[in-house]
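A short write-up of the structure that comes next.
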2 protein chains.
Amino acid sequence: MEDRLSKVFAALADPLRRDMVARLAADDATVNELAEPYDVSVQAVSKHIKVLEDAGLVRRSRQAQRRPVHLEAEVFDLMTAWIERYRRQVEERYRRLDDLLAGEARSDTDTDTEGAAS
Amino acid sequence: MEDRLSKVFAALADPLRRDMVARLAADDATVNELAEPYDVSVQAVSKHIKVLEDAGLVRRSRQAQRRPVHLEAEVFDLMTAWIERYRRQVEERYRRLDDLLAGEARSDTDTDTEGAAS
DNA sequence: CCGTTGTTCAACCTCGGGGTTGAATACTGC
DNA sequence: GCAGTATTCAACCCCGAGGTTGAACAACGG
């Protein structure tokens with residue numbers, strides 16, 4: 001599992017990590033703060049954060065002996081790009097299928113403009 | 001791992017499965033067709049498809065003895081919704097931070113310009 | 001009816017993810 | 001320097017994911 005996208009998806013496949021991301025979206029937090037609501041050890045949470053970090057979803061800064069975790073927003077773009085690409089492709093397929101069916105139904109009247117292909 | 005979103009992310013965490021999704025976005029395909037380019041067994045591919053199916057990403061129809069796999073586009077919406085939600089939240093934070101800094105900058109020059117640590 | 005093709009089921013193996021606990025490390029504040 | 005706090009490292013356990021092979025189960029096609 002070396003590629004970035006795999007790491008990102010894998011990181012978000014865990015509900016606990018998704019919850020952390022949700023909380024970090026609201027504000028930065030330290031490991032202990034993050035661990036507090038859950039009934040797992042702080043070490044476990046630290047590992048989770050490492051997973052998120054390796055995926056590029058968060059960054060750990062350094063501030064005294066604390067290591068506040070900060071959500072890195074850019075990665076979302078990576079996912080969105082991947083998802084949207086195939087979503088569009090599928091929608092395109094549907095559109096063409098519709099066109100095909102429409103064309104067969106009434107062999108005339110050309111459907112128009114698609115546009116907006118990003 | 002019961003919840004939908006976890007299944008979806010986990011399903012897409014595998015590069016092979018993502019590749020299948022990519023191919024399925026272009027067109028439906030059977031297990032054997034899907035398995036052909038890879039050097040894993042057909043059984044393994046069948047398992048992968050099951051994972052995608054359990055996540056609601058694909059559907060298997062029935063057509064003679066073949067079981068064409070069809071990509072289900074709606075799930076993408078689920079992911080996009082999740083992602084966008086937190087992306088927006090983070091952007092909102094940045095926006096408010098900018099406002100705050102702009103406001104404080106006017107009062108005095110004690111702002112300590114963090115940031116720029118990339 | 002029987003062989004062929006497409007697909008899944010079953011048993012098995014290995015490896016890594018997520019959890020634990022206990023010790024080490026990195027800073028702070030006195 | 002030393003106690004105290006925050007975090008990570010290390011070693012360990014357990015289980016599920018992904019791979020294999022071999023057999024079973026459809027559904028055609030002769």
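Residues in the structure tokens are named by chain (A, B, ... in the order shown) and by number from 1 within that chain; ligands are numbered from 1 in the order shown.
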
Between chain A and chain D, at 10 Å or less, what are the per-residue closest atom pairs and their distances in Å? Count only C-alpha atoms (C1' of nucleotides), order by chain and rising residue number, and return it as CSV.
residue,atom,partner,partner_atom,distance
A:Thr30,CA,D:DA6,C1',9.0
A:Val31,CA,D:DT7,C1',7.7
A:Asn32,CA,D:DA6,C1',7.7
A:Val42,CA,D:DT7,C1',8.8
A:Gln43,CA,D:DT8,C1',7.8
A:Ser46,CA,D:DT8,C1',7.8
A:Lys47,CA,D:DT8,C1',9.1
A:Ala64,CA,D:DA6,C1',9.6
A:Gln65,CA,D:DA6,C1',6.1
A:Arg66,CA,D:DA6,C1',6.0
A:Arg67,CA,D:DT7,C1',7.7

Take the residues just selected and output them with C-alpha atoms as a PDB file, in the first residue's frame.
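Okay, this is what ended up in part_34.pdb:
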ATOM      1  CA  THR A  30      -3.587  17.352  20.870  1.00  0.00           C
ATOM      2  CA  VAL A  31      -3.355  13.604  21.156  1.00  0.00           C
ATOM      3  CA  ASN A  32      -4.670  13.618  24.696  1.00  0.00           C
ATOM      4  CA  VAL A  42      -3.723   7.290  24.195  1.00  0.00           C
ATOM      5  CA  GLN A  43      -1.167   5.151  22.400  1.00  0.00           C
ATOM      6  CA  SER A  46      -1.391   8.239  18.599  1.00  0.00           C
ATOM      7  CA  LYS A  47      -1.175   5.378  16.124  1.00  0.00           C
ATOM      8  CA  ALA A  64       6.145  23.232  23.836  1.00  0.00           C
ATOM      9  CA  GLN A  65       5.826  19.584  24.728  1.00  0.00           C
ATOM     10  CA  ARG A  66       2.493  19.371  22.996  1.00  0.00           C
ATOM     11  CA  ARG A  67       2.032  18.194  19.427  1.00  0.00           C
TER      12      ARG A  67
END

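Within 7 Å of chain A, and counting only C-alpha atoms, chain B contributes Ser6, Lys7, Phe9, Ala10, Leu12, Ala13, Asp14, Pro15, Ala22, Ala25, Ala26, Ala73, Phe76, Thr80, Ile83, Tyr86, Arg87, Gln89 and Val90 of chain B.
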
Write down as a PDB file with all heavy atoms, in the first residue's frame the residues belonging to chain B that are assigned strand (DSSP E) by DSSP computed on the backbone.
ATOM      1  N   VAL B  58     -21.171  -1.617  -6.476  1.00  0.00           N
ATOM      2  CA  VAL B  58     -21.562  -2.295  -7.717  1.00  0.00           C
ATOM      3  C   VAL B  58     -22.738  -3.227  -7.456  1.00  0.00           C
ATOM      4  O   VAL B  58     -23.083  -3.515  -6.308  1.00  0.00           O
ATOM      5  CB  VAL B  58     -20.394  -3.134  -8.302  1.00  0.00           C
ATOM      6  CG1 VAL B  58     -19.163  -2.272  -8.507  1.00  0.00           C
ATOM      7  CG2 VAL B  58     -20.090  -4.319  -7.425  1.00  0.00           C
ATOM      8  N   ARG B  59     -23.323  -3.676  -8.542  1.00  0.00           N
ATOM      9  CA  ARG B  59     -24.435  -4.615  -8.474  1.00  0.00           C
ATOM     10  C   ARG B  59     -24.136  -5.726  -9.456  1.00  0.00           C
ATOM     11  O   ARG B  59     -23.591  -5.455 -10.526  1.00  0.00           O
ATOM     12  CB  ARG B  59     -25.721  -3.907  -8.872  1.00  0.00           C
ATOM     13  CG  ARG B  59     -26.865  -4.109  -7.916  1.00  0.00           C
ATOM     14  CD  ARG B  59     -28.095  -3.429  -8.451  1.00  0.00           C
ATOM     15  NE  ARG B  59     -27.914  -3.064  -9.876  1.00  0.00           N
ATOM     16  CZ  ARG B  59     -28.734  -2.276 -10.553  1.00  0.00           C
ATOM     17  NH1 ARG B  59     -29.757  -1.749  -9.960  1.00  0.00           N
ATOM     18  NH2 ARG B  59     -28.510  -2.006 -11.818  1.00  0.00           N
ATOM     19  N   ARG B  60     -24.487  -6.939  -9.112  1.00  0.00           N
ATOM     20  CA  ARG B  60     -24.309  -8.017 -10.063  1.00  0.00           C
ATOM     21  C   ARG B  60     -25.660  -8.399 -10.624  1.00  0.00           C
ATOM     22  O   ARG B  60     -26.559  -8.806  -9.884  1.00  0.00           O
ATOM     23  CB  ARG B  60     -23.673  -9.234  -9.391  1.00  0.00           C
ATOM     24  CG  ARG B  60     -22.181  -9.112  -9.288  1.00  0.00           C
ATOM     25  CD  ARG B  60     -21.554 -10.392  -8.848  1.00  0.00           C
ATOM     26  NE  ARG B  60     -21.368 -10.389  -7.392  1.00  0.00           N
ATOM     27  CZ  ARG B  60     -20.380 -11.015  -6.779  1.00  0.00           C
ATOM     28  NH1 ARG B  60     -19.494 -11.690  -7.472  1.00  0.00           N
ATOM     29  NH2 ARG B  60     -20.259 -10.974  -5.477  1.00  0.00           N
ATOM     30  N   VAL B  69     -21.072  -7.172 -13.962  1.00  0.00           N
ATOM     31  CA  VAL B  69     -20.960  -6.263 -12.830  1.00  0.00           C
ATOM     32  C   VAL B  69     -21.236  -4.843 -13.311  1.00  0.00           C
ATOM     33  O   VAL B  69     -20.683  -4.401 -14.314  1.00  0.00           O
ATOM     34  CB  VAL B  69     -19.563  -6.343 -12.203  1.00  0.00           C
ATOM     35  CG1 VAL B  69     -19.449  -5.405 -11.028  1.00  0.00           C
ATOM     36  CG2 VAL B  69     -19.259  -7.770 -11.789  1.00  0.00           C
ATOM     37  N   HIS B  70     -22.058  -4.173 -12.559  1.00  0.00           N
ATOM     38  CA  HIS B  70     -22.488  -2.824 -12.957  1.00  0.00           C
ATOM     39  C   HIS B  70     -22.172  -1.826 -11.855  1.00  0.00           C
ATOM     40  O   HIS B  70     -22.501  -2.052 -10.692  1.00  0.00           O
ATOM     41  CB  HIS B  70     -23.991  -2.847 -13.244  1.00  0.00           C
ATOM     42  CG  HIS B  70     -24.551  -1.495 -13.559  1.00  0.00           C
ATOM     43  ND1 HIS B  70     -24.415  -0.886 -14.783  1.00  0.00           N
ATOM     44  CD2 HIS B  70     -25.252  -0.629 -12.787  1.00  0.00           C
ATOM     45  CE1 HIS B  70     -25.001   0.293 -14.750  1.00  0.00           C
ATOM     46  NE2 HIS B  70     -25.518   0.483 -13.558  1.00  0.00           N
ATOM     47  N   LEU B  71     -21.545  -0.746 -12.242  1.00  0.00           N
ATOM     48  CA  LEU B  71     -21.177   0.274 -11.261  1.00  0.00           C
ATOM     49  C   LEU B  71     -22.386   1.083 -10.824  1.00  0.00           C
ATOM     50  O   LEU B  71     -23.178   1.533 -11.640  1.00  0.00           O
ATOM     51  CB  LEU B  71     -20.121   1.198 -11.865  1.00  0.00           C
ATOM     52  CG  LEU B  71     -19.468   2.194 -10.906  1.00  0.00           C
ATOM     53  CD1 LEU B  71     -18.762   1.480  -9.781  1.00  0.00           C
ATOM     54  CD2 LEU B  71     -18.485   3.065 -11.662  1.00  0.00           C
TER      55      LEU B  71
END

Counting only C-alpha atoms (C1' of nucleotides), which residues from chain C have an atom at most 9 Å from any atom of chain A, and could you show them as a compact mmCIF listing (two decimals) with all heavy atoms, in the first residue's frame?
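The result, stored in part-v6.txt:
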# COMPACT_ATOMS: atom_id res chain seq x y z
P DG C 18 -6.21 0.15 11.10
OP1 DG C 18 -7.51 0.58 10.56
OP2 DG C 18 -5.05 1.06 11.04
O5' DG C 18 -6.43 -0.28 12.61
C5' DG C 18 -7.60 -1.00 12.95
C4' DG C 18 -7.51 -1.47 14.37
O4' DG C 18 -6.43 -2.41 14.49
C3' DG C 18 -7.21 -0.35 15.38
O3' DG C 18 -8.15 -0.39 16.43
C2' DG C 18 -5.80 -0.65 15.85
C1' DG C 18 -5.73 -2.16 15.68
N9 DG C 18 -4.37 -2.67 15.55
C8 DG C 18 -3.33 -2.14 14.85
N7 DG C 18 -2.22 -2.82 14.93
C5 DG C 18 -2.55 -3.89 15.76
C6 DG C 18 -1.76 -4.96 16.22
O6 DG C 18 -0.58 -5.20 15.99
N1 DG C 18 -2.50 -5.83 17.03
C2 DG C 18 -3.82 -5.66 17.37
N2 DG C 18 -4.37 -6.57 18.16
N3 DG C 18 -4.57 -4.65 16.94
C4 DG C 18 -3.87 -3.80 16.14
P DG C 19 -8.15 0.77 17.51
OP1 DG C 19 -9.56 1.14 17.72
OP2 DG C 19 -7.17 1.80 17.13
O5' DG C 19 -7.61 0.01 18.81
C5' DG C 19 -8.47 -0.90 19.48
C4' DG C 19 -7.68 -1.85 20.34
O4' DG C 19 -6.72 -2.56 19.55
C3' DG C 19 -6.81 -1.20 21.43
O3' DG C 19 -7.60 -0.90 22.58
C2' DG C 19 -5.84 -2.33 21.73
C1' DG C 19 -5.69 -3.04 20.40
N9 DG C 19 -4.40 -2.80 19.76
C8 DG C 19 -4.09 -1.83 18.84
N7 DG C 19 -2.85 -1.87 18.44
C5 DG C 19 -2.29 -2.92 19.15
C6 DG C 19 -0.98 -3.45 19.15
O6 DG C 19 -0.01 -3.05 18.49
N1 DG C 19 -0.85 -4.53 20.02
C2 DG C 19 -1.86 -5.03 20.80
N2 DG C 19 -1.55 -6.06 21.59
N3 DG C 19 -3.10 -4.56 20.81
C4 DG C 19 -3.25 -3.51 19.97
P DT C 20 -6.89 -0.09 23.77
OP1 DT C 20 -7.95 0.23 24.75
OP2 DT C 20 -6.11 1.00 23.16
O5' DT C 20 -5.88 -1.14 24.41
C5' DT C 20 -6.38 -2.37 24.96
C4' DT C 20 -5.22 -3.20 25.46
O4' DT C 20 -4.35 -3.52 24.35
C3' DT C 20 -4.33 -2.48 26.46
O3' DT C 20 -4.72 -2.80 27.78
C2' DT C 20 -2.93 -3.00 26.19
C1' DT C 20 -3.01 -3.58 24.79
N1 DT C 20 -2.18 -2.84 23.81
C2 DT C 20 -0.88 -3.25 23.59
O2 DT C 20 -0.37 -4.18 24.16
N3 DT C 20 -0.20 -2.50 22.66
C4 DT C 20 -0.67 -1.42 21.95
O4 DT C 20 0.03 -0.84 21.14
C5 DT C 20 -2.03 -1.04 22.25
C7 DT C 20 -2.67 0.12 21.54
C6 DT C 20 -2.72 -1.76 23.15
P DA C 26 14.49 12.61 22.66
OP1 DA C 26 14.76 12.78 21.21
OP2 DA C 26 15.58 12.71 23.66
O5' DA C 26 13.37 13.66 23.07
C5' DA C 26 12.22 13.80 22.24
C4' DA C 26 11.36 14.90 22.82
O4' DA C 26 10.76 14.42 24.04
C3' DA C 26 12.15 16.14 23.20
O3' DA C 26 11.36 17.27 22.85
C2' DA C 26 12.30 16.03 24.70
C1' DA C 26 10.97 15.37 25.05
N9 DA C 26 10.93 14.64 26.31
C8 DA C 26 11.84 13.76 26.80
N7 DA C 26 11.52 13.26 27.97
C5 DA C 26 10.31 13.85 28.26
C6 DA C 26 9.44 13.73 29.36
N6 DA C 26 9.68 12.95 30.41
N1 DA C 26 8.31 14.47 29.34
C2 DA C 26 8.08 15.26 28.29
N3 DA C 26 8.82 15.45 27.20
C4 DA C 26 9.93 14.70 27.24
P DC C 27 12.07 18.58 22.34
OP1 DC C 27 12.21 18.58 20.90
OP2 DC C 27 13.28 18.77 23.21
O5' DC C 27 10.98 19.65 22.75
C5' DC C 27 11.26 20.49 23.83
C4' DC C 27 10.22 20.27 24.94
O4' DC C 27 10.46 19.06 25.66
C3' DC C 27 10.38 21.35 25.99
O3' DC C 27 9.51 22.43 25.65
C2' DC C 27 9.97 20.68 27.28
C1' DC C 27 9.85 19.21 26.92
N1 DC C 27 10.49 18.30 27.92
C2 DC C 27 9.77 17.98 29.06
O2 DC C 27 8.63 18.46 29.24
N3 DC C 27 10.32 17.15 29.99
C4 DC C 27 11.54 16.64 29.77
N4 DC C 27 12.04 15.82 30.69
C5 DC C 27 12.29 16.96 28.60
C6 DC C 27 11.73 17.79 27.72
P DT C 28 9.75 23.83 26.38
OP1 DT C 28 8.98 24.85 25.65
OP2 DT C 28 11.20 23.99 26.59
O5' DT C 28 9.06 23.60 27.81
C5' DT C 28 7.73 23.11 27.81
C4' DT C 28 7.13 23.20 29.20
O4' DT C 28 7.59 22.08 30.02
C3' DT C 28 7.46 24.47 29.98
O3' DT C 28 6.26 24.94 30.55
C2' DT C 28 8.48 24.01 31.04
C1' DT C 28 8.14 22.52 31.22
N1 DT C 28 9.31 21.63 31.48
C2 DT C 28 9.30 20.82 32.58
O2 DT C 28 8.39 20.80 33.38
N3 DT C 28 10.41 20.01 32.69
C4 DT C 28 11.50 19.94 31.85
O4 DT C 28 12.43 19.19 32.06
C5 DT C 28 11.44 20.82 30.72
C7 DT C 28 12.57 20.84 29.73
C6 DT C 28 10.37 21.63 30.58

Backbone DSSP call of helix (DSSP H, G or I) for range 41-93 of chain B, listed as a ChimeraX atom specification: /B:42-54,74-93

Can I get the selected residues back with N, CA, C and O atoms, as a tab-separated table (two decimals), in the first residue's frame?
chain	number	residue	atom	x	y	z
B	42	VAL	N	-9.11	-15.78	-10.68
B	42	VAL	CA	-10.47	-15.29	-10.88
B	42	VAL	C	-11.22	-15.27	-9.54
B	42	VAL	O	-12.01	-14.37	-9.29
B	43	GLN	N	-10.92	-16.23	-8.72
B	43	GLN	CA	-11.59	-16.28	-7.41
B	43	GLN	C	-11.28	-15.03	-6.59
B	43	GLN	O	-12.16	-14.49	-5.92
B	44	ALA	N	-10.05	-14.62	-6.66
B	44	ALA	CA	-9.66	-13.42	-5.92
B	44	ALA	C	-10.46	-12.22	-6.43
B	44	ALA	O	-10.97	-11.43	-5.63
B	45	VAL	N	-10.57	-12.12	-7.73
B	45	VAL	CA	-11.33	-11.00	-8.31
B	45	VAL	C	-12.78	-11.08	-7.88
B	45	VAL	O	-13.40	-10.07	-7.55
B	46	SER	N	-13.30	-12.29	-7.85
B	46	SER	CA	-14.68	-12.47	-7.42
B	46	SER	C	-14.87	-11.95	-5.99
B	46	SER	O	-15.86	-11.30	-5.67
B	47	LYS	N	-13.89	-12.23	-5.16
B	47	LYS	CA	-13.93	-11.72	-3.79
B	47	LYS	C	-13.92	-10.19	-3.77
B	47	LYS	O	-14.67	-9.56	-3.03
B	48	HIS	N	-13.06	-9.63	-4.58
B	48	HIS	CA	-12.98	-8.17	-4.64
B	48	HIS	C	-14.33	-7.58	-5.03
B	48	HIS	O	-14.77	-6.59	-4.46
B	49	ILE	N	-14.94	-8.21	-6.00
B	49	ILE	CA	-16.24	-7.71	-6.43
B	49	ILE	C	-17.24	-7.79	-5.29
B	49	ILE	O	-18.07	-6.91	-5.11
B	50	LYS	N	-17.14	-8.86	-4.54
B	50	LYS	CA	-18.05	-8.99	-3.39
B	50	LYS	C	-17.86	-7.83	-2.42
B	50	LYS	O	-18.84	-7.31	-1.87
B	51	VAL	N	-16.62	-7.45	-2.22
B	51	VAL	CA	-16.35	-6.32	-1.33
B	51	VAL	C	-17.02	-5.05	-1.88
B	51	VAL	O	-17.68	-4.32	-1.13
B	52	LEU	N	-16.83	-4.83	-3.16
B	52	LEU	CA	-17.44	-3.65	-3.78
B	52	LEU	C	-18.96	-3.72	-3.68
B	52	LEU	O	-19.63	-2.71	-3.46
B	53	GLU	N	-19.47	-4.93	-3.84
B	53	GLU	CA	-20.93	-5.11	-3.79
B	53	GLU	C	-21.46	-4.82	-2.39
B	53	GLU	O	-22.47	-4.13	-2.23
B	54	ASP	N	-20.78	-5.36	-1.39
B	54	ASP	CA	-21.20	-5.13	0.00
B	54	ASP	C	-21.16	-3.65	0.35
B	54	ASP	O	-21.91	-3.18	1.21
B	74	GLU	N	-24.56	6.06	-7.29
B	74	GLU	CA	-25.08	6.85	-6.16
B	74	GLU	C	-24.11	6.94	-4.98
B	74	GLU	O	-24.09	7.91	-4.25
B	75	VAL	N	-23.33	5.87	-4.78
B	75	VAL	CA	-22.47	5.84	-3.62
B	75	VAL	C	-21.47	6.98	-3.62
B	75	VAL	O	-21.05	7.47	-2.57
B	76	PHE	N	-21.09	7.38	-4.81
B	76	PHE	CA	-20.16	8.50	-4.91
B	76	PHE	C	-20.70	9.72	-4.18
B	76	PHE	O	-19.95	10.48	-3.56
B	77	ASP	N	-21.99	9.88	-4.25
B	77	ASP	CA	-22.61	11.02	-3.57
B	77	ASP	C	-22.37	10.96	-2.07
B	77	ASP	O	-22.10	11.97	-1.42
B	78	LEU	N	-22.45	9.76	-1.54
B	78	LEU	CA	-22.25	9.57	-0.11
B	78	LEU	C	-20.86	10.05	0.29
B	78	LEU	O	-20.70	10.81	1.26
B	79	MET	N	-19.86	9.63	-0.47
B	79	MET	CA	-18.50	10.04	-0.17
B	79	MET	C	-18.33	11.54	-0.34
B	79	MET	O	-17.79	12.23	0.53
B	80	THR	N	-18.78	12.01	-1.46
B	80	THR	CA	-18.63	13.44	-1.73
B	80	THR	C	-19.26	14.26	-0.63
B	80	THR	O	-18.68	15.25	-0.16
B	81	ALA	N	-20.42	13.83	-0.18
B	81	ALA	CA	-21.10	14.57	0.88
B	81	ALA	C	-20.23	14.63	2.13
B	81	ALA	O	-20.06	15.69	2.74
B	82	TRP	N	-19.68	13.49	2.48
B	82	TRP	CA	-18.84	13.44	3.68
B	82	TRP	C	-17.64	14.34	3.53
B	82	TRP	O	-17.33	15.16	4.39
B	83	ILE	N	-16.96	14.19	2.41
B	83	ILE	CA	-15.75	14.97	2.18
B	83	ILE	C	-16.02	16.47	2.16
B	83	ILE	O	-15.37	17.25	2.85
B	84	GLU	N	-17.02	16.84	1.40
B	84	GLU	CA	-17.31	18.26	1.23
B	84	GLU	C	-17.67	18.93	2.55
B	84	GLU	O	-17.32	20.08	2.80
B	85	ARG	N	-18.36	18.15	3.36
B	85	ARG	CA	-18.78	18.68	4.66
B	85	ARG	C	-17.59	19.20	5.44
B	85	ARG	O	-17.61	20.32	5.96
B	86	TYR	N	-16.53	18.42	5.52
B	86	TYR	CA	-15.40	18.82	6.34
B	86	TYR	C	-14.47	19.76	5.60
B	86	TYR	O	-13.84	20.62	6.20
B	87	ARG	N	-14.44	19.61	4.30
B	87	ARG	CA	-13.65	20.56	3.54
B	87	ARG	C	-14.19	21.97	3.77
B	87	ARG	O	-13.47	22.91	4.06
B	88	ARG	N	-15.50	22.07	3.68
B	88	ARG	CA	-16.13	23.39	3.89
B	88	ARG	C	-15.86	23.91	5.28
B	88	ARG	O	-15.56	25.09	5.48
B	89	GLN	N	-15.95	23.01	6.24
B	89	GLN	CA	-15.76	23.41	7.63
B	89	GLN	C	-14.35	23.98	7.84
B	89	GLN	O	-14.17	25.00	8.50
B	90	VAL	N	-13.39	23.30	7.22
B	90	VAL	CA	-12.02	23.75	7.35
B	90	VAL	C	-11.84	25.10	6.66
B	90	VAL	O	-11.22	26.02	7.20
B	91	GLU	N	-12.41	25.21	5.49
B	91	GLU	CA	-12.29	26.48	4.77
B	91	GLU	C	-12.91	27.62	5.56
B	91	GLU	O	-12.40	28.73	5.61
B	92	GLU	N	-14.02	27.29	6.20
B	92	GLU	CA	-14.70	28.26	7.04
B	92	GLU	C	-13.79	28.74	8.17
B	92	GLU	O	-13.73	29.93	8.48
B	93	ARG	N	-13.06	27.76	8.74
B	93	ARG	CA	-12.12	28.12	9.81
B	93	ARG	C	-11.07	29.10	9.31
B	93	ARG	O	-10.76	30.09	9.96

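The gap separating CA of Ala102 in chain A from CA of Ala29 in chain B is 24.4 Å, in Å to one decimal.
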
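When CA of Leu97 in chain A is paired with CA of Leu34 in chain B, their separation reads 22.2 Å.
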
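With CA of Arg17 in chain B on one side and C1' of DC13 in chain C on the other, the separation reads 22.3 Å.
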